[in-house]
Amino acid sequence: MEYIKLGNSDLEVSRICMGCMGFGNTTSGQHSWTLDEEHSREIIKHGMELGINFFDTAIAYQNGTSEQYVGRAVKDFAKREDIVVATKFLPRSPEEIANGVTGQKHVQTMIDTSLRNLGMDYVDLYIYHMWDYQTPLYEIMEGLNSAVKEGKARYIGISNCFAWQLAKANALAEKEGFAKFVSIQGHYNLIFREEEREMVPLCKEDNIALTPYSALAGGRLAKHPGETSKRAEQDAYAKFKYDATAEQDAVIIERVAELAQKRGVSMTEISLAWLLTKVTAPVVGATKFNHVDGAVKATELMLTEAELGYLEEPYIPHKLVGVMAQNAAPVLNK
């Protein structure tokens, strides 16, 4: 496994980050296809054995049970200092807003809850999950800075934001002497490359780590036509993100399959090998051993310039989908 610095931090992370959204109690959250604790632990342990030291979860994943599974597995299978744990917090709830709970207090409550779920004293990376238009940015940044100063988070990251939002937040942090975001977790893969417009250049300029989610487009970049999975059949949100562009995306997916056959590797390896030329560490979900194996093997696969161009050439710009399609200030009634 290859390791790399996470942006402007001193964290040494594996080039593959294990995404833990697929772990958690199926009766406690938004997904029906997640793994129970026994099988989650097997996947986490297998990843560790192959050199993965970077794990990403969130308080929103299956109502905190993903955090709980990850925390117990880390305690049982590794030394805490050898593992980089990232988790994410949600925006203020309508109830918190109505009750006047500040952004600072909200961040404090969120990280304390996550630390209890994880059974840890600190997280290595604490991530602002999605932009909160209902809460002043200063309050969020001050709350995150307090978490760092108190030793509850070593560094902070952000997810699901525009480049201008990241630039604005880090400019505020620099002005006030607050902790700055060292990473961005956005939606980026071979069939959704809109981050290349502004986010990728910003991160290159400021040495901010790109750790994208949906690295395999909900499995679409890993499966030959006709192949399916429980997630592919039941993940309505992924269908919402990708079904509208399925026809144009199929051209690229066919090229991935073609190159995989030519090189004698899996589609996962081709898709992630391409992404690894663009980012620090993609967040890759895994619910089977072969998912982990394919992701790790991708770090050893070098694509030629001709192959990279062949994969990229058919891309047609996409409309924003998923969380980013909803990243807009609410319309107020006049």
# chains A, B, ... in the order shown; residues from 1 in each chain; ligands from 1
>>> closest_atom_pairs(of="range 214-311 of chain A", to="range 7-22 of chain A", cutoff="10 Å", atoms="only C-alpha atoms", output="Markdown table")
| residue | atom | partner | partner_atom | distance |
| --- | --- | --- | --- | --- |
| A:Ser214 | CA | A:Gly19 | CA | 9.3 |
| A:Ala215 | CA | A:Gly19 | CA | 9.9 |
| A:Arg231 | CA | A:Gly22 | CA | 9.2 |
| A:Leu272 | CA | A:Ile16 | CA | 9.3 |
| A:Leu276 | CA | A:Arg15 | CA | 7.8 |
| A:Val279 | CA | A:Arg15 | CA | 9.0 |
| A:Thr280 | CA | A:Arg15 | CA | 6.5 |
| A:Ala281 | CA | A:Arg15 | CA | 4.5 |
| A:Pro282 | CA | A:Ile16 | CA | 5.7 |
| A:Val283 | CA | A:Cys17 | CA | 4.7 |
| A:Val284 | CA | A:Gly19 | CA | 5.0 |
| A:Gly285 | CA | A:Gly19 | CA | 4.4 |
| A:Ala286 | CA | A:Gly22 | CA | 6.9 |
| A:Thr287 | CA | A:Gly22 | CA | 6.5 |
| A:Val292 | CA | A:Met18 | CA | 8.2 |
| A:Ala295 | CA | A:Ile16 | CA | 7.0 |
| A:Val296 | CA | A:Ile16 | CA | 6.9 |
| A:Ala298 | CA | A:Ile16 | CA | 9.0 |
| A:Thr299 | CA | A:Arg15 | CA | 7.0 |
>>> residues_around(residues="range 256-267 of chain A", least_positions_apart="3", cutoff="10 Å", atoms="only C-alpha atoms", output="tab-separated table (two decimals) with N, CA, C and O atoms, in the first residue's frame")
chain	number	residue	atom	x	y	z
A	190	LEU	N	-15.21	8.77	-12.69
A	190	LEU	CA	-14.99	8.78	-14.13
A	190	LEU	C	-16.22	9.20	-14.93
A	190	LEU	O	-16.10	9.72	-16.04
A	216	LEU	N	-16.81	4.83	-7.34
A	216	LEU	CA	-17.20	3.85	-8.35
A	216	LEU	C	-18.65	4.04	-8.79
A	216	LEU	O	-19.26	3.14	-9.37
A	219	GLY	N	-21.12	1.52	-7.72
A	219	GLY	CA	-20.85	0.21	-8.32
A	219	GLY	C	-20.94	0.18	-9.82
A	219	GLY	O	-20.55	-0.81	-10.45
A	220	ARG	N	-21.43	1.25	-10.44
A	220	ARG	CA	-21.61	1.26	-11.89
A	220	ARG	C	-20.29	1.14	-12.65
A	220	ARG	O	-20.25	0.57	-13.74
A	221	LEU	N	-19.23	1.67	-12.08
A	221	LEU	CA	-17.93	1.62	-12.73
A	221	LEU	C	-17.16	0.34	-12.40
A	221	LEU	O	-16.01	0.19	-12.79
A	222	ALA	N	-17.82	-0.57	-11.71
A	222	ALA	CA	-17.17	-1.82	-11.32
A	222	ALA	C	-17.88	-3.04	-11.89
A	222	ALA	O	-17.42	-4.17	-11.68
A	223	LYS	N	-18.98	-2.83	-12.59
A	223	LYS	CA	-19.79	-3.97	-13.02
A	223	LYS	C	-20.01	-4.00	-14.53
A	223	LYS	O	-20.29	-2.98	-15.15
A	224	HIS	N	-19.87	-5.19	-15.09
A	224	HIS	CA	-20.16	-5.39	-16.51
A	224	HIS	C	-21.67	-5.35	-16.71
A	224	HIS	O	-22.45	-5.58	-15.78
A	225	PRO	N	-22.12	-5.04	-17.93
A	225	PRO	CA	-23.56	-5.02	-18.21
A	225	PRO	C	-24.24	-6.32	-17.78
A	225	PRO	O	-23.74	-7.41	-18.06
A	250	ALA	N	-22.87	5.06	-20.19
A	250	ALA	CA	-22.61	3.70	-20.65
A	250	ALA	C	-21.43	3.63	-21.61
A	250	ALA	O	-20.70	2.63	-21.64
A	251	VAL	N	-21.22	4.69	-22.38
A	251	VAL	CA	-20.09	4.71	-23.32
A	251	VAL	C	-18.77	4.61	-22.57
A	251	VAL	O	-17.87	3.86	-22.96
A	252	ILE	N	-18.67	5.35	-21.46
A	252	ILE	CA	-17.44	5.33	-20.66
A	252	ILE	C	-17.31	4.00	-19.93
A	252	ILE	O	-16.22	3.41	-19.87
A	253	ILE	N	-18.41	3.52	-19.38
A	253	ILE	CA	-18.39	2.25	-18.66
A	253	ILE	C	-17.95	1.11	-19.58
A	253	ILE	O	-17.18	0.21	-19.18
A	270	ILE	N	-9.41	-0.51	-12.96
A	270	ILE	CA	-9.29	0.50	-14.02
A	270	ILE	C	-9.88	1.83	-13.55
A	270	ILE	O	-9.26	2.89	-13.67
A	271	SER	N	-11.09	1.78	-13.02
A	271	SER	CA	-11.79	3.01	-12.62
A	271	SER	C	-11.05	3.75	-11.52
A	271	SER	O	-10.92	4.98	-11.56
A	272	LEU	N	-10.55	3.01	-10.54
A	272	LEU	CA	-9.84	3.66	-9.43
A	272	LEU	C	-8.43	4.07	-9.83
A	272	LEU	O	-7.93	5.08	-9.33
A	273	ALA	N	-7.80	3.31	-10.70
A	273	ALA	CA	-6.47	3.71	-11.16
A	273	ALA	C	-6.54	5.05	-11.88
A	273	ALA	O	-5.65	5.90	-11.74
A	274	TRP	N	-7.62	5.27	-12.63
A	274	TRP	CA	-7.82	6.59	-13.27
A	274	TRP	C	-7.99	7.66	-12.21
A	274	TRP	O	-7.32	8.70	-12.25
A	294	GLY	N	-9.91	-5.33	-4.88
A	294	GLY	CA	-9.84	-4.57	-6.12
A	294	GLY	C	-9.38	-3.15	-5.90
A	294	GLY	O	-8.58	-2.61	-6.69
A	295	ALA	N	-9.84	-2.53	-4.81
A	295	ALA	CA	-9.44	-1.16	-4.51
A	295	ALA	C	-7.94	-1.08	-4.22
A	295	ALA	O	-7.24	-0.19	-4.70
A	297	LYS	N	-5.59	-3.22	-5.16
A	297	LYS	CA	-4.83	-3.53	-6.39
A	297	LYS	C	-4.77	-2.33	-7.33
A	297	LYS	O	-3.80	-2.16	-8.08
A	298	ALA	N	-5.79	-1.47	-7.27
A	298	ALA	CA	-5.82	-0.29	-8.14
A	298	ALA	C	-4.64	0.63	-7.88
A	298	ALA	O	-4.18	1.34	-8.77
A	301	LEU	N	-1.75	-0.26	-10.18
A	301	LEU	CA	-1.98	-0.27	-11.63
A	301	LEU	C	-1.67	1.10	-12.22
A	301	LEU	O	-2.25	2.10	-11.81
A	303	LEU	N	-1.91	3.34	-15.52
A	303	LEU	CA	-2.50	3.48	-16.85
A	303	LEU	C	-1.62	4.37	-17.70
A	303	LEU	O	-1.01	5.31	-17.20
A	307	GLU	N	-4.36	5.41	-22.47
A	307	GLU	CA	-5.50	4.79	-21.80
A	307	GLU	C	-6.30	5.82	-21.01
A	307	GLU	O	-7.54	5.80	-21.02
A	310	TYR	N	-8.32	7.76	-23.45
A	310	TYR	CA	-9.40	6.94	-23.99
A	310	TYR	C	-10.58	6.90	-23.04
A	310	TYR	O	-11.75	6.95	-23.47
A	311	LEU	N	-10.30	6.83	-21.74
A	311	LEU	CA	-11.37	6.81	-20.74
A	311	LEU	C	-12.05	8.18	-20.62
A	311	LEU	O	-13.27	8.26	-20.39
>>> closest_residue(among="A:Val107, A:Val123, A:Leu210, A:Leu115", to="Glu142 in chain A", atoms="only C-alpha atoms")
A:Val107
>>> closest_residue(among="A:Thr26, A:Arg80, A:Ala73, A:Glu269", to="Glu300 in chain A", atoms="only C-alpha atoms")
A:Glu269
>>> atom_distance(atom1="CA of Glu205 in chain A", atom2="CA of Ile127 in chain A")
20.8 Å
>>> residues_around(residues="Glu42 in chain A", least_positions_apart="6", cutoff="12 Å", atoms="only C-alpha atoms", output="list in words")
Phe23, Leu35, Asp36, Met48, Glu49, Tyr69, Val70, Ala73, Val74, Asp76, Phe77, Ala286, Thr287, Lys288, Phe289 and Val292 of chain A
>>> write_last_selection(atoms="all heavy atoms", output="compact mmCIF listing (two decimals), in the first residue's frame")
# COMPACT_ATOMS: atom_id res chain seq x y z
N PHE A 23 -21.75 0.11 6.42
CA PHE A 23 -21.77 -0.60 7.69
C PHE A 23 -22.83 0.02 8.60
O PHE A 23 -22.96 1.23 8.67
CB PHE A 23 -20.41 -0.51 8.40
CG PHE A 23 -19.23 -0.92 7.56
CD1 PHE A 23 -18.00 -0.33 7.76
CD2 PHE A 23 -19.35 -1.88 6.58
CE1 PHE A 23 -16.90 -0.69 7.00
CE2 PHE A 23 -18.27 -2.26 5.80
CZ PHE A 23 -17.03 -1.66 6.01
N LEU A 35 -24.18 -3.72 6.02
CA LEU A 35 -23.74 -4.95 6.67
C LEU A 35 -23.94 -4.88 8.18
O LEU A 35 -23.78 -3.82 8.79
CB LEU A 35 -22.25 -5.19 6.40
CG LEU A 35 -21.82 -5.44 4.95
CD1 LEU A 35 -20.32 -5.74 4.92
CD2 LEU A 35 -22.60 -6.58 4.33
N ASP A 36 -24.24 -6.02 8.77
CA ASP A 36 -24.32 -6.08 10.23
C ASP A 36 -22.91 -5.99 10.82
O ASP A 36 -21.91 -5.96 10.09
CB ASP A 36 -25.04 -7.35 10.69
CG ASP A 36 -24.33 -8.64 10.26
OD1 ASP A 36 -23.11 -8.61 9.99
OD2 ASP A 36 -25.01 -9.68 10.18
N MET A 48 -7.48 -3.48 6.84
CA MET A 48 -6.29 -3.20 7.64
C MET A 48 -5.14 -4.13 7.27
O MET A 48 -3.98 -3.72 7.17
CB MET A 48 -6.61 -3.33 9.13
CG MET A 48 -7.51 -2.24 9.68
SD MET A 48 -7.87 -2.55 11.43
CE MET A 48 -8.87 -1.12 11.83
N GLU A 49 -5.45 -5.40 7.07
CA GLU A 49 -4.42 -6.38 6.72
C GLU A 49 -3.77 -6.07 5.38
O GLU A 49 -2.60 -6.42 5.15
CB GLU A 49 -5.03 -7.79 6.71
CG GLU A 49 -5.43 -8.29 8.09
CD GLU A 49 -6.24 -9.57 8.07
OE1 GLU A 49 -6.75 -9.94 6.98
OE2 GLU A 49 -6.38 -10.20 9.13
N TYR A 69 -19.68 0.62 14.93
CA TYR A 69 -19.01 -0.57 14.38
C TYR A 69 -17.54 -0.26 14.12
O TYR A 69 -16.66 -1.06 14.44
CB TYR A 69 -19.67 -1.01 13.08
CG TYR A 69 -21.07 -1.57 13.19
CD1 TYR A 69 -21.78 -1.58 14.40
CD2 TYR A 69 -21.71 -2.09 12.07
CE1 TYR A 69 -23.06 -2.09 14.47
CE2 TYR A 69 -22.99 -2.61 12.14
CZ TYR A 69 -23.67 -2.60 13.34
OH TYR A 69 -24.95 -3.10 13.40
N VAL A 70 -17.28 0.89 13.50
CA VAL A 70 -15.90 1.26 13.17
C VAL A 70 -15.07 1.42 14.44
O VAL A 70 -13.95 0.92 14.53
CB VAL A 70 -15.87 2.57 12.34
CG1 VAL A 70 -14.44 3.09 12.20
CG2 VAL A 70 -16.49 2.34 10.96
N ALA A 73 -14.19 -1.93 15.98
CA ALA A 73 -13.23 -2.68 15.16
C ALA A 73 -11.83 -2.11 15.30
O ALA A 73 -10.85 -2.86 15.42
CB ALA A 73 -13.68 -2.65 13.70
N VAL A 74 -11.71 -0.79 15.28
CA VAL A 74 -10.40 -0.17 15.45
C VAL A 74 -9.81 -0.56 16.81
O VAL A 74 -8.61 -0.90 16.92
CB VAL A 74 -10.50 1.36 15.32
CG1 VAL A 74 -9.19 2.03 15.76
CG2 VAL A 74 -10.83 1.76 13.88
N ASP A 76 -10.31 -3.22 18.52
CA ASP A 76 -9.97 -4.64 18.61
C ASP A 76 -8.86 -5.07 17.65
O ASP A 76 -8.16 -6.05 17.92
CB ASP A 76 -11.22 -5.49 18.33
CG ASP A 76 -12.26 -5.40 19.45
OD1 ASP A 76 -11.90 -4.92 20.55
OD2 ASP A 76 -13.41 -5.78 19.22
N PHE A 77 -8.71 -4.35 16.52
CA PHE A 77 -7.81 -4.85 15.48
C PHE A 77 -6.58 -3.99 15.23
O PHE A 77 -5.72 -4.37 14.43
CB PHE A 77 -8.58 -4.99 14.16
CG PHE A 77 -9.76 -5.91 14.21
CD1 PHE A 77 -10.94 -5.57 13.57
CD2 PHE A 77 -9.69 -7.12 14.90
CE1 PHE A 77 -12.04 -6.43 13.62
CE2 PHE A 77 -10.78 -7.97 14.95
CZ PHE A 77 -11.96 -7.62 14.30
N ALA A 286 -17.06 -0.74 0.63
CA ALA A 286 -16.80 -2.17 0.45
C ALA A 286 -17.75 -2.97 1.33
O ALA A 286 -17.88 -2.69 2.52
CB ALA A 286 -15.36 -2.50 0.82
N THR A 287 -18.39 -3.97 0.73
CA THR A 287 -19.23 -4.87 1.50
C THR A 287 -18.84 -6.33 1.27
O THR A 287 -19.47 -7.23 1.80
CB THR A 287 -20.72 -4.68 1.14
OG1 THR A 287 -20.89 -4.80 -0.28
CG2 THR A 287 -21.22 -3.32 1.61
N LYS A 288 -17.79 -6.54 0.45
CA LYS A 288 -17.25 -7.88 0.21
C LYS A 288 -15.73 -7.80 0.16
O LYS A 288 -15.17 -6.76 -0.16
CB LYS A 288 -17.79 -8.45 -1.11
CG LYS A 288 -19.30 -8.66 -1.14
CD LYS A 288 -19.75 -9.20 -2.49
CE LYS A 288 -21.27 -9.42 -2.52
NZ LYS A 288 -21.73 -9.89 -3.85
N PHE A 289 -15.08 -8.93 0.44
CA PHE A 289 -13.61 -8.95 0.40
C PHE A 289 -13.08 -8.52 -0.95
O PHE A 289 -12.07 -7.81 -1.04
CB PHE A 289 -13.11 -10.35 0.74
CG PHE A 289 -13.03 -10.65 2.22
CD1 PHE A 289 -13.67 -9.84 3.15
CD2 PHE A 289 -12.31 -11.73 2.68
CE1 PHE A 289 -13.60 -10.11 4.52
CE2 PHE A 289 -12.22 -12.02 4.03
CZ PHE A 289 -12.87 -11.20 4.95
N VAL A 292 -12.58 -4.84 -1.46
CA VAL A 292 -11.37 -4.32 -0.83
C VAL A 292 -10.15 -4.69 -1.68
O VAL A 292 -9.27 -3.85 -1.95
CB VAL A 292 -11.20 -4.87 0.59
CG1 VAL A 292 -9.99 -4.22 1.27
CG2 VAL A 292 -12.45 -4.65 1.42
>>> residues_around(residues="range 137-139 of chain A", least_positions_apart="2", cutoff="8 Å", atoms="only C-alpha atoms", output="short mmCIF file (atom, residue, chain, number, x, y, z; two decimals) with C-alpha atoms, in the first residue's frame")
data_model
loop_
_atom_site.label_atom_id
_atom_site.label_comp_id
_atom_site.auth_asym_id
_atom_site.auth_seq_id
_atom_site.Cartn_x
_atom_site.Cartn_y
_atom_site.Cartn_z
CA THR A 102 -25.76 28.18 18.15
CA GLY A 103 -23.50 26.72 15.52
CA GLN A 104 -20.70 26.47 18.07
CA THR A 135 -26.13 28.76 10.42
CA MET A 141 -15.68 27.65 11.93
CA GLU A 142 -15.37 28.76 15.56
CA GLY A 143 -17.00 25.52 16.71
CA ALA A 169 -14.36 29.32 4.74
CA LEU A 172 -12.30 33.36 7.24
#
>>> closest_residue(among="A:Lys79, A:Ile156, A:Phe55, A:Phe181", to="Lys168 in chain A", atoms="only C-alpha atoms")
A:Phe181
>>> residues_around(residues="Gly24 in chain A", least_positions_apart="4", cutoff="9 Å", atoms="only C-alpha atoms", output="list of chain:residue names")
A:Cys20, A:Ser28, A:Gly29, A:His31, A:Thr34, A:Leu35, A:Asp36, A:Glu37, A:Ser40, A:Tyr61, A:Gln62, A:Asn63, A:Gly64, A:Thr65, A:Ser66, A:Glu67, A:Gln68, A:Tyr69
>>> residues_around(residues="His129 in chain A", least_positions_apart="5", cutoff="7 Å", atoms="only C-alpha atoms", output="mmCIF file with N, CA and C atoms, in the first residue's frame")
data_model
loop_
_atom_site.group_PDB
_atom_site.id
_atom_site.type_symbol
_atom_site.label_atom_id
_atom_site.label_comp_id
_atom_site.auth_asym_id
_atom_site.auth_seq_id
_atom_site.Cartn_x
_atom_site.Cartn_y
_atom_site.Cartn_z
ATOM 1 N N LYS A 88 -18.180 12.723 10.148
ATOM 2 C CA LYS A 88 -18.825 13.943 9.647
ATOM 3 C C LYS A 88 -20.023 14.315 10.512
ATOM 4 N N PHE A 89 -20.338 15.612 10.510
ATOM 5 C CA PHE A 89 -21.490 16.076 11.290
ATOM 6 C C PHE A 89 -22.517 16.741 10.386
ATOM 7 N N LEU A 90 -23.755 16.690 10.823
ATOM 8 C CA LEU A 90 -24.887 17.220 10.064
ATOM 9 C C LEU A 90 -25.133 18.695 10.378
ATOM 10 N N ILE A 158 -14.083 19.226 4.820
ATOM 11 C CA ILE A 158 -15.418 19.652 4.397
ATOM 12 C C ILE A 158 -15.890 18.733 3.283
ATOM 13 N N SER A 159 -17.196 18.640 3.111
ATOM 14 C CA SER A 159 -17.784 17.778 2.091
ATOM 15 C C SER A 159 -18.945 18.511 1.428
ATOM 16 N N ASN A 160 -19.213 18.146 0.169
ATOM 17 C CA ASN A 160 -20.392 18.670 -0.533
ATOM 18 C C ASN A 160 -20.462 20.196 -0.529
#
>>> closest_residue(among="A:Asp82, A:Arg255, A:Glu2, A:Tyr126", to="Arg154 in chain A", atoms="only C-alpha atoms")
A:Tyr126
>>> residues_around(residues="Gly151 in chain A", least_positions_apart="6", cutoff="12 Å", atoms="only C-alpha atoms", output="PyMOL selection string")
chain A and resi 111-112+115+120-126+144-145
